[in-house]
file work.cif (mmCIF, C-alpha atoms)
data_data
loop_
_atom_site.group_PDB
_atom_site.id
_atom_site.type_symbol
_atom_site.label_atom_id
_atom_site.label_comp_id
_atom_site.auth_asym_id
_atom_site.auth_seq_id
_atom_site.Cartn_x
_atom_site.Cartn_y
_atom_site.Cartn_z
ATOM 1 C CA MET A 131 -163.973 -94.679 62.571
ATOM 2 C CA ARG A 132 -162.637 -91.604 60.816
ATOM 3 C CA VAL A 133 -165.287 -89.270 59.403
ATOM 4 C CA ASP A 134 -164.926 -88.710 55.652
ATOM 5 C CA VAL A 135 -165.688 -84.987 55.699
ATOM 6 C CA LEU A 136 -164.861 -84.475 52.014
ATOM 7 C CA GLY A 137 -167.052 -87.394 51.016
ATOM 8 C CA LEU A 138 -169.955 -86.104 53.121
ATOM 9 C CA GLN A 139 -169.476 -82.644 51.633
ATOM 10 C CA ALA A 140 -169.687 -84.103 48.131
ATOM 11 C CA PHE A 141 -172.768 -86.170 49.030
ATOM 12 C CA VAL A 142 -174.671 -83.210 50.516
ATOM 13 C CA SER A 143 -173.779 -80.967 47.568
ATOM 14 C CA ILE A 144 -175.029 -83.533 45.020
ATOM 15 C CA ALA A 145 -178.208 -84.241 46.989
ATOM 16 C CA GLU A 146 -179.050 -80.543 47.303
ATOM 17 C CA ARG A 147 -178.319 -79.660 43.662
ATOM 18 C CA GLY A 148 -179.631 -82.809 42.008
ATOM 19 C CA SER A 149 -176.672 -83.361 39.688
ATOM 20 C CA PHE A 150 -172.990 -84.186 39.673
ATOM 21 C CA HIS A 151 -172.305 -81.339 37.257
ATOM 22 C CA ALA A 152 -173.837 -78.655 39.504
ATOM 23 C CA ALA A 153 -172.186 -80.072 42.604
ATOM 24 C CA ALA A 154 -168.784 -80.279 40.932
ATOM 25 C CA SER A 155 -169.091 -76.657 39.814
ATOM 26 C CA HIS A 156 -170.089 -75.559 43.331
ATOM 27 C CA LEU A 157 -167.152 -77.359 44.927
ATOM 28 C CA ASN A 158 -164.746 -76.306 42.172
ATOM 29 C CA LEU A 159 -163.963 -79.950 41.394
ATOM 30 C CA SER A 160 -163.930 -82.030 38.254
ATOM 31 C CA GLN A 161 -166.773 -84.532 37.948
ATOM 32 C CA THR A 162 -164.177 -87.302 38.066
ATOM 33 C CA ALA A 163 -162.836 -86.073 41.412
ATOM 34 C CA LEU A 164 -166.390 -85.697 42.748
ATOM 35 C CA SER A 165 -167.279 -89.232 41.647
ATOM 36 C CA HIS A 166 -164.151 -90.527 43.369
ATOM 37 C CA ARG A 167 -165.180 -88.894 46.668
ATOM 38 C CA ILE A 168 -168.677 -90.402 46.519
ATOM 39 C CA ARG A 169 -167.351 -93.846 45.638
ATOM 40 C CA LYS A 170 -164.861 -93.696 48.521
ATOM 41 C CA LEU A 171 -167.616 -92.635 50.957
ATOM 42 C CA GLU A 172 -169.974 -95.406 49.813
ATOM 43 C CA GLU A 173 -167.201 -98.004 50.098
ATOM 44 C CA SER A 174 -166.379 -96.901 53.632
ATOM 45 C CA LEU A 175 -170.091 -97.106 54.612
ATOM 46 C CA GLY A 176 -170.692 -100.351 52.753
ATOM 47 C CA THR A 177 -173.840 -99.081 51.070
ATOM 48 C CA THR A 178 -175.017 -97.082 48.062
ATOM 49 C CA LEU A 179 -176.175 -93.533 48.743
ATOM 50 C CA LEU A 180 -176.994 -92.218 45.255
ATOM 51 C CA LEU A 181 -178.720 -93.651 42.184
ATOM 52 C CA ARG A 182 -177.413 -91.949 39.064
ATOM 53 C CA THR A 183 -179.138 -92.085 35.658
ATOM 54 C CA THR A 184 -178.471 -90.169 32.488
ATOM 55 C CA ARG A 185 -181.079 -87.578 33.470
ATOM 56 C CA GLN A 186 -181.089 -87.299 37.227
ATOM 57 C CA VAL A 187 -179.634 -88.316 40.575
ATOM 58 C CA SER A 188 -181.811 -89.732 43.343
ATOM 59 C CA LEU A 189 -181.193 -90.879 46.889
ATOM 60 C CA THR A 190 -181.336 -94.463 48.051
ATOM 61 C CA PRO A 191 -183.076 -95.175 51.388
ATOM 62 C CA ALA A 192 -179.640 -95.091 53.052
ATOM 63 C CA GLY A 193 -178.915 -91.771 51.360
ATOM 64 C CA SER A 194 -182.246 -90.294 52.487
ATOM 65 C CA ALA A 195 -181.517 -91.342 56.065
ATOM 66 C CA LEU A 196 -177.989 -89.912 55.983
ATOM 67 C CA LEU A 197 -178.766 -86.517 54.392
ATOM 68 C CA PRO A 198 -180.371 -84.709 57.370
ATOM 69 C CA ARG A 199 -177.670 -86.003 59.698
ATOM 70 C CA ALA A 200 -174.909 -84.932 57.308
ATOM 71 C CA ARG A 201 -176.490 -81.478 57.032
ATOM 72 C CA LYS A 202 -176.542 -81.218 60.816
ATOM 73 C CA ILE A 203 -172.859 -82.128 60.972
ATOM 74 C CA PHE A 204 -171.953 -79.259 58.642
ATOM 75 C CA GLU A 205 -174.263 -76.819 60.448
ATOM 76 C CA GLU A 206 -172.570 -77.614 63.773
ATOM 77 C CA LEU A 207 -169.121 -77.466 62.177
ATOM 78 C CA GLY A 208 -169.893 -74.077 60.643
ATOM 79 C CA ALA A 209 -171.171 -72.771 63.980
ATOM 80 C CA ALA A 210 -168.030 -74.013 65.731
ATOM 81 C CA ILE A 211 -165.807 -72.317 63.150
ATOM 82 C CA ASP A 212 -167.738 -69.046 63.467
ATOM 83 C CA GLU A 213 -167.439 -69.214 67.260
ATOM 84 C CA ALA A 214 -163.710 -69.826 67.022
ATOM 85 C CA ARG A 215 -163.363 -66.806 64.734
ATOM 86 C CA VAL A 216 -165.292 -64.605 67.165
ATOM 87 C CA ASP A 217 -163.169 -65.835 70.081
ATOM 88 C CA ALA A 218 -159.994 -65.163 68.109
ATOM 89 C CA ALA A 219 -161.193 -61.673 67.191
ATOM 90 C CA ASP A 220 -162.099 -60.935 70.820
ATOM 91 C CA ALA A 221 -158.732 -62.219 72.014
ATOM 92 C CA GLU A 222 -156.953 -60.048 69.471
ATOM 93 C CA GLU A 223 -158.753 -56.997 70.888
ATOM 94 C CA GLU A 224 -157.459 -57.511 74.434
ATOM 95 C CA VAL A 225 -154.066 -58.099 76.038
ATOM 96 C CA ALA A 226 -153.996 -59.339 79.630
ATOM 97 C CA VAL A 227 -150.884 -58.993 81.778
ATOM 98 C CA GLY A 228 -150.016 -59.795 85.379
ATOM 99 C CA CYS A 229 -147.999 -57.217 87.294
ATOM 100 C CA LEU A 230 -146.750 -56.603 90.823
ATOM 101 C CA PRO A 231 -148.781 -53.758 92.376
ATOM 102 C CA THR A 232 -145.800 -51.426 92.917
ATOM 103 C CA ILE A 233 -144.710 -51.890 89.306
ATOM 104 C CA ALA A 234 -148.268 -51.547 88.033
ATOM 105 C CA VAL A 235 -148.655 -48.169 89.727
ATOM 106 C CA HIS A 236 -145.174 -46.947 88.802
ATOM 107 C CA CYS A 237 -144.804 -48.103 85.192
ATOM 108 C CA MET A 238 -148.177 -49.030 83.759
ATOM 109 C CA PRO A 239 -149.765 -45.576 83.326
ATOM 110 C CA SER A 240 -147.082 -44.345 80.902
ATOM 111 C CA VAL A 241 -146.727 -47.783 79.286
ATOM 112 C CA ILE A 242 -150.446 -48.133 78.631
ATOM 113 C CA ALA A 243 -150.633 -44.564 77.317
ATOM 114 C CA GLU A 244 -147.959 -45.354 74.708
ATOM 115 C CA PHE A 245 -149.550 -48.731 73.940
ATOM 116 C CA ALA A 246 -152.935 -47.046 73.416
ATOM 117 C CA ARG A 247 -151.333 -44.675 70.930
ATOM 118 C CA ARG A 248 -150.030 -47.643 68.920
ATOM 119 C CA TYR A 249 -153.074 -49.897 69.374
ATOM 120 C CA PRO A 250 -156.116 -47.669 69.938
ATOM 121 C CA ALA A 251 -158.575 -50.559 69.451
ATOM 122 C CA VAL A 252 -156.897 -53.044 71.813
ATOM 123 C CA ARG A 253 -158.053 -53.290 75.425
ATOM 124 C CA VAL A 254 -155.538 -53.911 78.228
ATOM 125 C CA ARG A 255 -156.344 -55.940 81.339
ATOM 126 C CA VAL A 256 -153.862 -55.630 84.234
ATOM 127 C CA HIS A 257 -153.924 -58.241 86.990
ATOM 128 C CA ASP A 258 -152.071 -56.384 89.754
ATOM 129 C CA ASN A 259 -151.394 -59.339 92.031
ATOM 130 C CA SER A 260 -148.697 -60.995 94.117
ATOM 131 C CA ALA A 261 -145.864 -62.977 92.514
ATOM 132 C CA SER A 262 -147.543 -66.342 93.108
ATOM 133 C CA GLU A 263 -150.868 -65.079 91.767
ATOM 134 C CA ILE A 264 -149.137 -63.711 88.672
ATOM 135 C CA ALA A 265 -147.581 -67.122 88.023
ATOM 136 C CA ASP A 266 -151.036 -68.697 88.350
ATOM 137 C CA LYS A 267 -152.532 -66.211 85.873
ATOM 138 C CA VAL A 268 -149.814 -66.825 83.280
ATOM 139 C CA GLN A 269 -149.881 -70.586 83.804
ATOM 140 C CA SER A 270 -153.653 -70.722 83.266
ATOM 141 C CA GLY A 271 -153.558 -68.424 80.228
ATOM 142 C CA GLN A 272 -155.508 -65.622 81.928
ATOM 143 C CA ALA A 273 -152.463 -63.389 81.375
ATOM 144 C CA GLU A 274 -150.148 -63.563 78.372
ATOM 145 C CA PHE A 275 -147.157 -62.558 80.464
ATOM 146 C CA GLY A 276 -146.348 -61.284 83.919
ATOM 147 C CA VAL A 277 -144.027 -58.688 85.445
ATOM 148 C CA THR A 278 -142.774 -60.233 88.656
ATOM 149 C CA ILE A 279 -139.912 -61.120 90.986
ATOM 150 C CA VAL A 280 -137.447 -63.565 89.487
ATOM 151 C CA ALA A 281 -137.335 -66.459 91.948
ATOM 152 C CA ALA A 282 -137.974 -70.200 91.917
ATOM 153 C CA ASN A 283 -139.762 -70.989 88.681
ATOM 154 C CA ARG A 284 -142.422 -73.481 87.634
ATOM 155 C CA TRP A 285 -141.524 -76.121 85.080
ATOM 156 C CA ASP A 286 -143.906 -74.812 82.398
ATOM 157 C CA LEU A 287 -143.043 -71.131 82.800
ATOM 158 C CA GLU A 288 -140.060 -69.151 81.553
ATOM 159 C CA LEU A 289 -138.562 -66.233 83.495
ATOM 160 C CA LYS A 290 -136.351 -63.602 81.870
ATOM 161 C CA PRO A 291 -134.604 -61.090 84.193
ATOM 162 C CA VAL A 292 -134.894 -57.427 83.207
ATOM 163 C CA VAL A 293 -133.511 -55.264 86.025
ATOM 164 C CA LYS A 294 -132.354 -55.312 89.645
ATOM 165 C CA GLU A 295 -134.187 -53.061 92.078
ATOM 166 C CA PRO A 296 -132.670 -52.380 95.541
ATOM 167 C CA PHE A 297 -134.565 -52.332 98.806
ATOM 168 C CA VAL A 298 -134.396 -49.044 100.730
ATOM 169 C CA LEU A 299 -135.390 -47.740 104.129
ATOM 170 C CA VAL A 300 -138.357 -45.372 103.992
ATOM 171 C CA SER A 301 -138.439 -42.672 106.646
ATOM 172 C CA HIS A 302 -140.565 -39.647 107.448
ATOM 173 C CA ARG A 303 -138.525 -36.454 107.145
ATOM 174 C CA SER A 304 -139.175 -35.666 110.805
ATOM 175 C CA MET A 305 -137.622 -38.914 112.071
ATOM 176 C CA PRO A 306 -133.984 -39.244 113.289
ATOM 177 C CA LEU A 307 -132.620 -41.260 110.346
ATOM 178 C CA ALA A 308 -134.141 -39.102 107.621
ATOM 179 C CA ARG A 309 -130.925 -37.216 106.804
ATOM 180 C CA SER A 310 -128.717 -40.319 106.551
ATOM 181 C CA GLU A 311 -126.986 -40.830 103.209
ATOM 182 C CA SER A 312 -126.957 -44.590 103.766
ATOM 183 C CA LEU A 313 -127.472 -47.036 106.630
ATOM 184 C CA THR A 314 -126.333 -50.483 107.693
ATOM 185 C CA TRP A 315 -128.837 -52.987 109.004
ATOM 186 C CA ALA A 316 -127.050 -52.901 112.359
ATOM 187 C CA GLN A 317 -127.997 -49.231 112.694
ATOM 188 C CA LEU A 318 -131.666 -50.205 112.550
ATOM 189 C CA GLN A 319 -131.560 -52.244 115.754
ATOM 190 C CA GLY A 320 -134.000 -50.982 118.380
ATOM 191 C CA LEU A 321 -135.953 -48.861 115.902
ATOM 192 C CA PRO A 322 -139.655 -49.520 115.187
ATOM 193 C CA LEU A 323 -139.902 -51.244 111.814
ATOM 194 C CA VAL A 324 -142.828 -52.140 109.596
ATOM 195 C CA ARG A 325 -142.652 -55.686 108.265
ATOM 196 C CA ILE A 326 -144.257 -57.054 105.104
ATOM 197 C CA SER A 327 -146.224 -60.303 105.407
ATOM 198 C CA ALA A 328 -144.301 -63.581 105.116
ATOM 199 C CA GLU A 329 -146.580 -64.553 102.230
ATOM 200 C CA THR A 330 -144.966 -62.030 99.885
ATOM 201 C CA GLY A 331 -141.895 -62.438 97.714
ATOM 202 C CA ASN A 332 -140.374 -59.241 99.142
ATOM 203 C CA ARG A 333 -140.421 -60.610 102.693
ATOM 204 C CA ILE A 334 -138.837 -63.882 101.591
ATOM 205 C CA LEU A 335 -135.972 -62.042 99.880
ATOM 206 C CA ILE A 336 -135.254 -59.906 102.957
ATOM 207 C CA ASP A 337 -135.449 -62.827 105.383
ATOM 208 C CA ASP A 338 -133.146 -64.965 103.248
ATOM 209 C CA ALA A 339 -130.573 -62.165 102.918
ATOM 210 C CA LEU A 340 -130.517 -61.278 106.628
ATOM 211 C CA GLY A 341 -130.653 -64.782 108.024
ATOM 212 C CA ALA A 342 -130.589 -64.848 111.829
ATOM 213 C CA ARG A 343 -129.846 -61.102 111.933
ATOM 214 C CA ARG A 344 -133.490 -60.356 111.206
ATOM 215 C CA GLU A 345 -134.392 -61.515 114.726
ATOM 216 C CA ALA A 346 -132.270 -58.721 116.231
ATOM 217 C CA LEU A 347 -134.526 -56.114 114.624
ATOM 218 C CA THR A 348 -137.689 -54.713 116.177
ATOM 219 C CA TRP A 349 -140.530 -55.577 113.803
ATOM 220 C CA ARG A 350 -143.278 -53.691 115.594
ATOM 221 C CA TYR A 351 -145.847 -53.680 112.799
ATOM 222 C CA GLU A 352 -146.772 -56.138 110.055
ATOM 223 C CA VAL A 353 -148.860 -55.487 106.945
ATOM 224 C CA GLN A 354 -149.783 -57.321 103.749
ATOM 225 C CA ARG A 355 -148.899 -54.714 101.135
ATOM 226 C CA VAL A 356 -145.952 -52.432 100.449
ATOM 227 C CA ILE A 357 -148.254 -49.453 99.939
ATOM 228 C CA THR A 358 -149.693 -49.999 103.436
ATOM 229 C CA ALA A 359 -146.203 -50.061 104.938
ATOM 230 C CA VAL A 360 -145.389 -46.759 103.244
ATOM 231 C CA SER A 361 -148.620 -45.264 104.559
ATOM 232 C CA LEU A 362 -147.658 -46.198 108.135
ATOM 233 C CA VAL A 363 -144.305 -44.497 107.701
ATOM 234 C CA ARG A 364 -146.150 -41.367 106.609
ATOM 235 C CA SER A 365 -147.676 -41.214 110.081
ATOM 236 C CA ALA A 366 -144.115 -41.220 111.526
ATOM 237 C CA ILE A 367 -144.677 -44.270 113.738
ATOM 238 C CA GLY A 368 -141.857 -46.331 112.242
ATOM 239 C CA TYR A 369 -139.620 -47.139 109.310
ATOM 240 C CA ALA A 370 -140.221 -49.599 106.460
ATOM 241 C CA ILE A 371 -137.948 -51.549 104.122
ATOM 242 C CA VAL A 372 -139.484 -51.559 100.658
ATOM 243 C CA PRO A 373 -138.440 -51.849 96.999
ATOM 244 C CA GLN A 374 -136.986 -48.606 95.642
ATOM 245 C CA LEU A 375 -139.838 -47.939 93.227
ATOM 246 C CA ALA A 376 -142.470 -48.205 95.974
ATOM 247 C CA LEU A 377 -142.183 -44.506 96.791
ATOM 248 C CA ASP A 378 -143.191 -43.716 93.226
ATOM 249 C CA SER A 379 -146.366 -45.733 93.798
ATOM 250 C CA VAL A 380 -147.652 -43.117 96.237
ATOM 251 C CA ASP A 381 -147.394 -39.406 96.829
ATOM 252 C CA ALA A 382 -144.078 -39.453 98.709
ATOM 253 C CA GLY A 383 -144.574 -36.006 100.217
ATOM 254 C CA GLU A 384 -142.662 -35.989 103.513
ATOM 255 C CA LEU A 385 -141.043 -39.377 102.908
ATOM 256 C CA VAL A 386 -137.428 -40.117 101.947
ATOM 257 C CA ALA A 387 -135.682 -43.280 100.756
ATOM 258 C CA ILE A 388 -132.294 -44.199 102.270
ATOM 259 C CA PRO A 389 -129.973 -46.827 100.726
ATOM 260 C CA LEU A 390 -129.180 -49.879 102.865
ATOM 261 C CA ARG A 391 -125.865 -51.758 103.013
ATOM 262 C CA SER A 392 -124.153 -54.592 104.860
ATOM 263 C CA PRO A 393 -125.890 -56.295 103.224
ATOM 264 C CA SER A 394 -127.357 -54.516 100.225
ATOM 265 C CA ILE A 395 -130.507 -56.369 99.216
ATOM 266 C CA SER A 396 -132.221 -56.189 95.854
ATOM 267 C CA ARG A 397 -134.897 -58.018 93.951
ATOM 268 C CA THR A 398 -134.612 -59.001 90.305
ATOM 269 C CA LEU A 399 -137.630 -58.054 88.252
ATOM 270 C CA GLY A 400 -138.398 -59.906 85.076
ATOM 271 C CA ILE A 401 -140.953 -61.218 82.639
ATOM 272 C CA VAL A 402 -142.685 -64.574 83.042
ATOM 273 C CA THR A 403 -144.318 -66.328 80.086
ATOM 274 C CA ARG A 404 -145.496 -69.820 79.275
ATOM 275 C CA LYS A 405 -142.788 -71.978 77.707
ATOM 276 C CA ASN A 406 -143.051 -72.563 73.963
ATOM 277 C CA MET A 407 -145.920 -70.074 73.699
ATOM 278 C CA LEU A 408 -145.504 -67.306 71.121
ATOM 279 C CA LEU A 409 -146.970 -63.950 72.104
ATOM 280 C CA ARG A 410 -149.241 -62.101 69.719
ATOM 281 C CA PRO A 411 -147.760 -58.940 68.147
ATOM 282 C CA ALA A 412 -149.681 -56.557 70.420
ATOM 283 C CA ALA A 413 -148.609 -58.501 73.522
ATOM 284 C CA ARG A 414 -144.977 -58.519 72.352
ATOM 285 C CA ASP A 415 -145.061 -54.747 71.940
ATOM 286 C CA LEU A 416 -146.598 -54.274 75.384
ATOM 287 C CA LEU A 417 -143.913 -56.519 76.884
ATOM 288 C CA ALA A 418 -141.180 -54.474 75.208
ATOM 289 C CA LEU A 419 -142.676 -51.232 76.530
ATOM 290 C CA VAL A 420 -142.880 -52.615 80.083
ATOM 291 C CA SER A 421 -139.288 -53.890 79.964
ATOM 292 C CA GLU A 422 -137.998 -50.536 78.742
ATOM 293 C CA ALA A 423 -139.968 -48.678 81.423
ATOM 294 C CA LEU A 424 -138.528 -50.933 84.134
ATOM 295 C CA ARG A 425 -134.948 -50.395 82.989
ATOM 296 C CA ASN A 426 -135.436 -46.639 82.705
ATOM 297 C CA SER A 427 -137.070 -46.375 86.134
ATOM 298 C CA VAL A 428 -134.251 -48.069 88.017
ATOM 299 C CA SER A 429 -131.485 -46.369 86.017
ATOM 300 C CA ASP A 430 -133.079 -42.968 86.683
ATOM 301 C CA LYS A 431 -132.968 -43.688 90.407
ATOM 302 C CA ASP A 432 -129.316 -44.713 90.210
ATOM 303 C CA ALA A 433 -128.328 -41.601 88.263
#

call {"tool": "encode", "arguments": {"input": "work.cif", "output": "structure tokens"}}
result
Amino acid sequence: MRVDVLGLQAFVSIAERGSFHAAASHLNLSQTALSHRIRKLEESLGTTLLLRTTRQVSLTPAGSALLPRARKIFEELGAAIDEARVDAADAEEEVAVGCLPTIAVHCMPSVIAEFARRYPAVRVRVHDNSASEIADKVQSGQAEFGVTIVAANRWDLELKPVVKEPFVLVSHRSMPLARSESLTWAQLQGLPLVRISAETGNRILIDDALGARREALTWRYEVQRVITAVSLVRSAIGYAIVPQLALDSVDAGELVAIPLRSPSISRTLGIVTRKNMLLRPAARDLLALVSEALRNSVSDKDA
């Protein structure tokens, strides 16, 4: 059975004010319209709720039984509406975004600084996670969008490429390859290399591009994070293949990045959002700032 909210509203207003005239004025209705609502409600319930005389309005036994329950309905409805408004206001004061750790460290400080200038009252939550975790955050609504590797997509998510970022060899300046202008993968054979975990999108991209050739390389160390791989290179115990922007995630110091070829491998970075989900204005502006920062970062490296 459908609840006649307008009829209940009219009934409660009449019962509380004691007259059709006062209730009609309160609800900004004509007395004819108010009478129509009450008649429709009584017909749907199959009983009379109000007894109307020339001087006053009184409740029938059915009306007396219904009134406290109807009041409770409107109290709960009002509380629910107030809660929804508070939730909406809280949501408007925070933007959550998922972001790969290397990108979060490289781009987010300047992006958030500019965003804070435009939206000083809006909080920013950054989930600096792996590509799969970012997809989970966006899919569940914990993040409005994500900055991630463009790869196989989920049916309810939309990926938009922004920029291509090459992988490079990171070397300590004291190591033999440090002065090379570029290197082929074949030149890395026999050298101690730091490998990223197979659970990461970066490792998958490298393995797919190299195919069987990856087995000819000496992967002496394996770590979970790019930043850890770079830290090992700083100790001059080996070389690491990492995304170009990774060196900007740490204090490079005595480290250098050398382009790789035959093959050249890159990852496409992009924005992931939920399909058919419009971003709020603040989130759209943050997305635009992140996209611009990504494009500028890679183009600056190419220049």

call {"tool": "closest_atom_pairs", "arguments": {"input": "work.cif", "of": "range 260-318 of chain A", "to": "range 228-236 of chain A", "cutoff": "10 Å", "atoms": "all atoms listed in the file", "output": "CSV"}}
result
residue,atom,partner,partner_atom,distance
A:Ser260,CA,A:Leu230,CA,5.8
A:Ala261,CA,A:Leu230,CA,6.7
A:Glu263,CA,A:Gly228,CA,8.3
A:Ile264,CA,A:Gly228,CA,5.2
A:Ala265,CA,A:Gly228,CA,8.2
A:Asp266,CA,A:Gly228,CA,9.4
A:Lys267,CA,A:Gly228,CA,6.9
A:Val268,CA,A:Gly228,CA,7.3
A:Gln272,CA,A:Gly228,CA,8.7
A:Ala273,CA,A:Gly228,CA,5.9
A:Glu274,CA,A:Gly228,CA,8.0
A:Phe275,CA,A:Gly228,CA,6.3
A:Gly276,CA,A:Gly228,CA,4.2
A:Val277,CA,A:Cys229,CA,4.6
A:Thr278,CA,A:Leu230,CA,5.8
A:Ile279,CA,A:Leu230,CA,8.2

call {"tool": "resolve_selection", "arguments": {"input": "work.cif", "expression": "the PyMOL selection byres ((chain A and resi 191-208) around 12)", "output": "number ranges by chain"}}
result
A: 133-146, 168, 171-172, 175-181, 187-190, 209-215

call {"tool": "resolve_selection", "arguments": {"input": "work.cif", "expression": "the PyMOL selection byres ((chain A and resi 374) around 8)", "output": "JSON, numbers by chain"}}
result
{"A": [295, 296, 297, 298, 372, 373, 375, 376, 377, 387]}

call {"tool": "closest_residue", "arguments": {"input": "work.cif", "among": "A:Gly271, A:Gly331, A:Pro306, A:Pro250", "to": "Val356 in chain A", "atoms": "all atoms listed in the file"}}
result
A:Gly331

call {"tool": "closest_residue", "arguments": {"input": "work.cif", "among": "A:Gly341, A:Ser301, A:Glu311, A:Gly320", "to": "Ala370 in chain A", "atoms": "all atoms listed in the file"}}
result
A:Ser301

call {"tool": "closest_residue", "arguments": {"input": "work.cif", "among": "A:Val428, A:Glu288, A:Leu390, A:Ile242", "to": "Leu307 in chain A", "atoms": "all atoms listed in the file"}}
result
A:Leu390

call {"tool": "atom_distance", "arguments": {"input": "work.cif", "atom1": "CA of Ile388 in chain A", "atom2": "CA of Leu323 in chain A"}}
result
14.1 Å

call {"tool": "closest_residue", "arguments": {"input": "work.cif", "among": "A:Val363, A:Ala418, A:Ile371, A:Val280", "to": "Arg333 in chain A", "atoms": "all atoms listed in the file"}}
result
A:Ile371

call {"tool": "resolve_selection", "arguments": {"input": "work.cif", "expression": "the PyMOL selection byres ((chain A and resi 302) around 8)", "output": "number ranges by chain"}}
result
A: 300-301, 303-305, 308, 363-366, 369, 384-386

call {"tool": "write_last_selection", "arguments": {"input": "work.cif", "atoms": "C-alpha atoms", "output": "PDB file, in the coordinates of the input"}}
result
ATOM      1  CA  VAL A 300    -138.357 -45.372 103.992  1.00  0.00           C
ATOM      2  CA  SER A 301    -138.439 -42.672 106.646  1.00  0.00           C
ATOM      3  CA  ARG A 303    -138.525 -36.454 107.145  1.00  0.00           C
ATOM      4  CA  SER A 304    -139.175 -35.666 110.805  1.00  0.00           C
ATOM      5  CA  MET A 305    -137.622 -38.914 112.071  1.00  0.00           C
ATOM      6  CA  ALA A 308    -134.141 -39.102 107.621  1.00  0.00           C
ATOM      7  CA  VAL A 363    -144.305 -44.497 107.701  1.00  0.00           C
ATOM      8  CA  ARG A 364    -146.150 -41.367 106.609  1.00  0.00           C
ATOM      9  CA  SER A 365    -147.676 -41.214 110.081  1.00  0.00           C
ATOM     10  CA  ALA A 366    -144.115 -41.220 111.526  1.00  0.00           C
ATOM     11  CA  TYR A 369    -139.620 -47.139 109.310  1.00  0.00           C
ATOM     12  CA  GLU A 384    -142.662 -35.989 103.513  1.00  0.00           C
ATOM     13  CA  LEU A 385    -141.043 -39.377 102.908  1.00  0.00           C
ATOM     14  CA  VAL A 386    -137.428 -40.117 101.947  1.00  0.00           C
TER      15      VAL A 386
END

call {"tool": "closest_residue", "arguments": {"input": "work.cif", "among": "A:Leu362, A:Ile336, A:Leu399, A:Leu313", "to": "Ala281 in chain A", "atoms": "only C-alpha atoms"}}
result
A:Leu399

call {"tool": "atom_distance", "arguments": {"input": "work.cif", "atom1": "CA of Arg185 in chain A", "atom2": "CA of Ala163 in chain A"}}
result
20.0 Å

call {"tool": "atom_distance", "arguments": {"input": "work.cif", "atom1": "CA of Val353 in chain A", "atom2": "CA of Ile326 in chain A"}}
result
5.2 Å

call {"tool": "closest_residue", "arguments": {"input": "work.cif", "among": "A:Ser312, A:Ser396, A:Thr348, A:Asn426", "to": "Asn332 in chain A", "atoms": "all atoms listed in the file"}}
result
A:Ser396

call {"tool": "decode", "arguments": {"input": "work.cif", "residues": "range 170-181 of chain A", "atoms": "N, CA and C atoms", "output": "PDB file, in the first residue's frame"}}
result
ATOM      1  N   LYS A 170      -9.661  11.991   0.321  1.00  0.00           N
ATOM      2  CA  LYS A 170      -8.895  10.950  -0.365  1.00  0.00           C
ATOM      3  C   LYS A 170      -8.226  10.002   0.639  1.00  0.00           C
ATOM      4  N   LEU A 171      -7.695  10.574   1.741  1.00  0.00           N
ATOM      5  CA  LEU A 171      -7.048   9.747   2.765  1.00  0.00           C
ATOM      6  C   LEU A 171      -8.076   8.841   3.429  1.00  0.00           C
ATOM      7  N   GLU A 172      -9.238   9.399   3.801  1.00  0.00           N
ATOM      8  CA  GLU A 172     -10.264   8.602   4.467  1.00  0.00           C
ATOM      9  C   GLU A 172     -10.788   7.497   3.557  1.00  0.00           C
ATOM     10  N   GLU A 173     -10.913   7.788   2.262  1.00  0.00           N
ATOM     11  CA  GLU A 173     -11.380   6.766   1.319  1.00  0.00           C
ATOM     12  C   GLU A 173     -10.367   5.634   1.199  1.00  0.00           C
ATOM     13  N   SER A 174      -9.084   5.997   1.196  1.00  0.00           N
ATOM     14  CA  SER A 174      -8.059   4.953   1.065  1.00  0.00           C
ATOM     15  C   SER A 174      -7.989   4.082   2.319  1.00  0.00           C
ATOM     16  N   LEU A 175      -8.314   4.674   3.516  1.00  0.00           N
ATOM     17  CA  LEU A 175      -8.285   3.919   4.761  1.00  0.00           C
ATOM     18  C   LEU A 175      -9.608   3.202   5.032  1.00  0.00           C
ATOM     19  N   GLY A 176     -10.650   3.666   4.378  1.00  0.00           N
ATOM     20  CA  GLY A 176     -11.970   3.062   4.587  1.00  0.00           C
ATOM     21  C   GLY A 176     -12.604   3.415   5.913  1.00  0.00           C
ATOM     22  N   THR A 177     -12.262   4.587   6.438  1.00  0.00           N
ATOM     23  CA  THR A 177     -12.815   5.009   7.726  1.00  0.00           C
ATOM     24  C   THR A 177     -12.784   6.526   7.817  1.00  0.00           C
ATOM     25  N   THR A 178     -13.591   7.070   8.700  1.00  0.00           N
ATOM     26  CA  THR A 178     -13.636   8.516   8.931  1.00  0.00           C
ATOM     27  C   THR A 178     -12.655   8.878  10.038  1.00  0.00           C
ATOM     28  N   LEU A 179     -11.885   9.923   9.797  1.00  0.00           N
ATOM     29  CA  LEU A 179     -10.872  10.362  10.763  1.00  0.00           C
ATOM     30  C   LEU A 179     -11.288  11.617  11.515  1.00  0.00           C
ATOM     31  N   LEU A 180     -12.069  12.485  10.874  1.00  0.00           N
ATOM     32  CA  LEU A 180     -12.433  13.777  11.448  1.00  0.00           C
ATOM     33  C   LEU A 180     -13.946  13.963  11.439  1.00  0.00           C
ATOM     34  N   LEU A 181     -14.465  14.569  12.508  1.00  0.00           N
ATOM     35  CA  LEU A 181     -15.859  14.983  12.576  1.00  0.00           C
ATOM     36  C   LEU A 181     -15.877  16.502  12.538  1.00  0.00           C
TER      37      LEU A 181
END
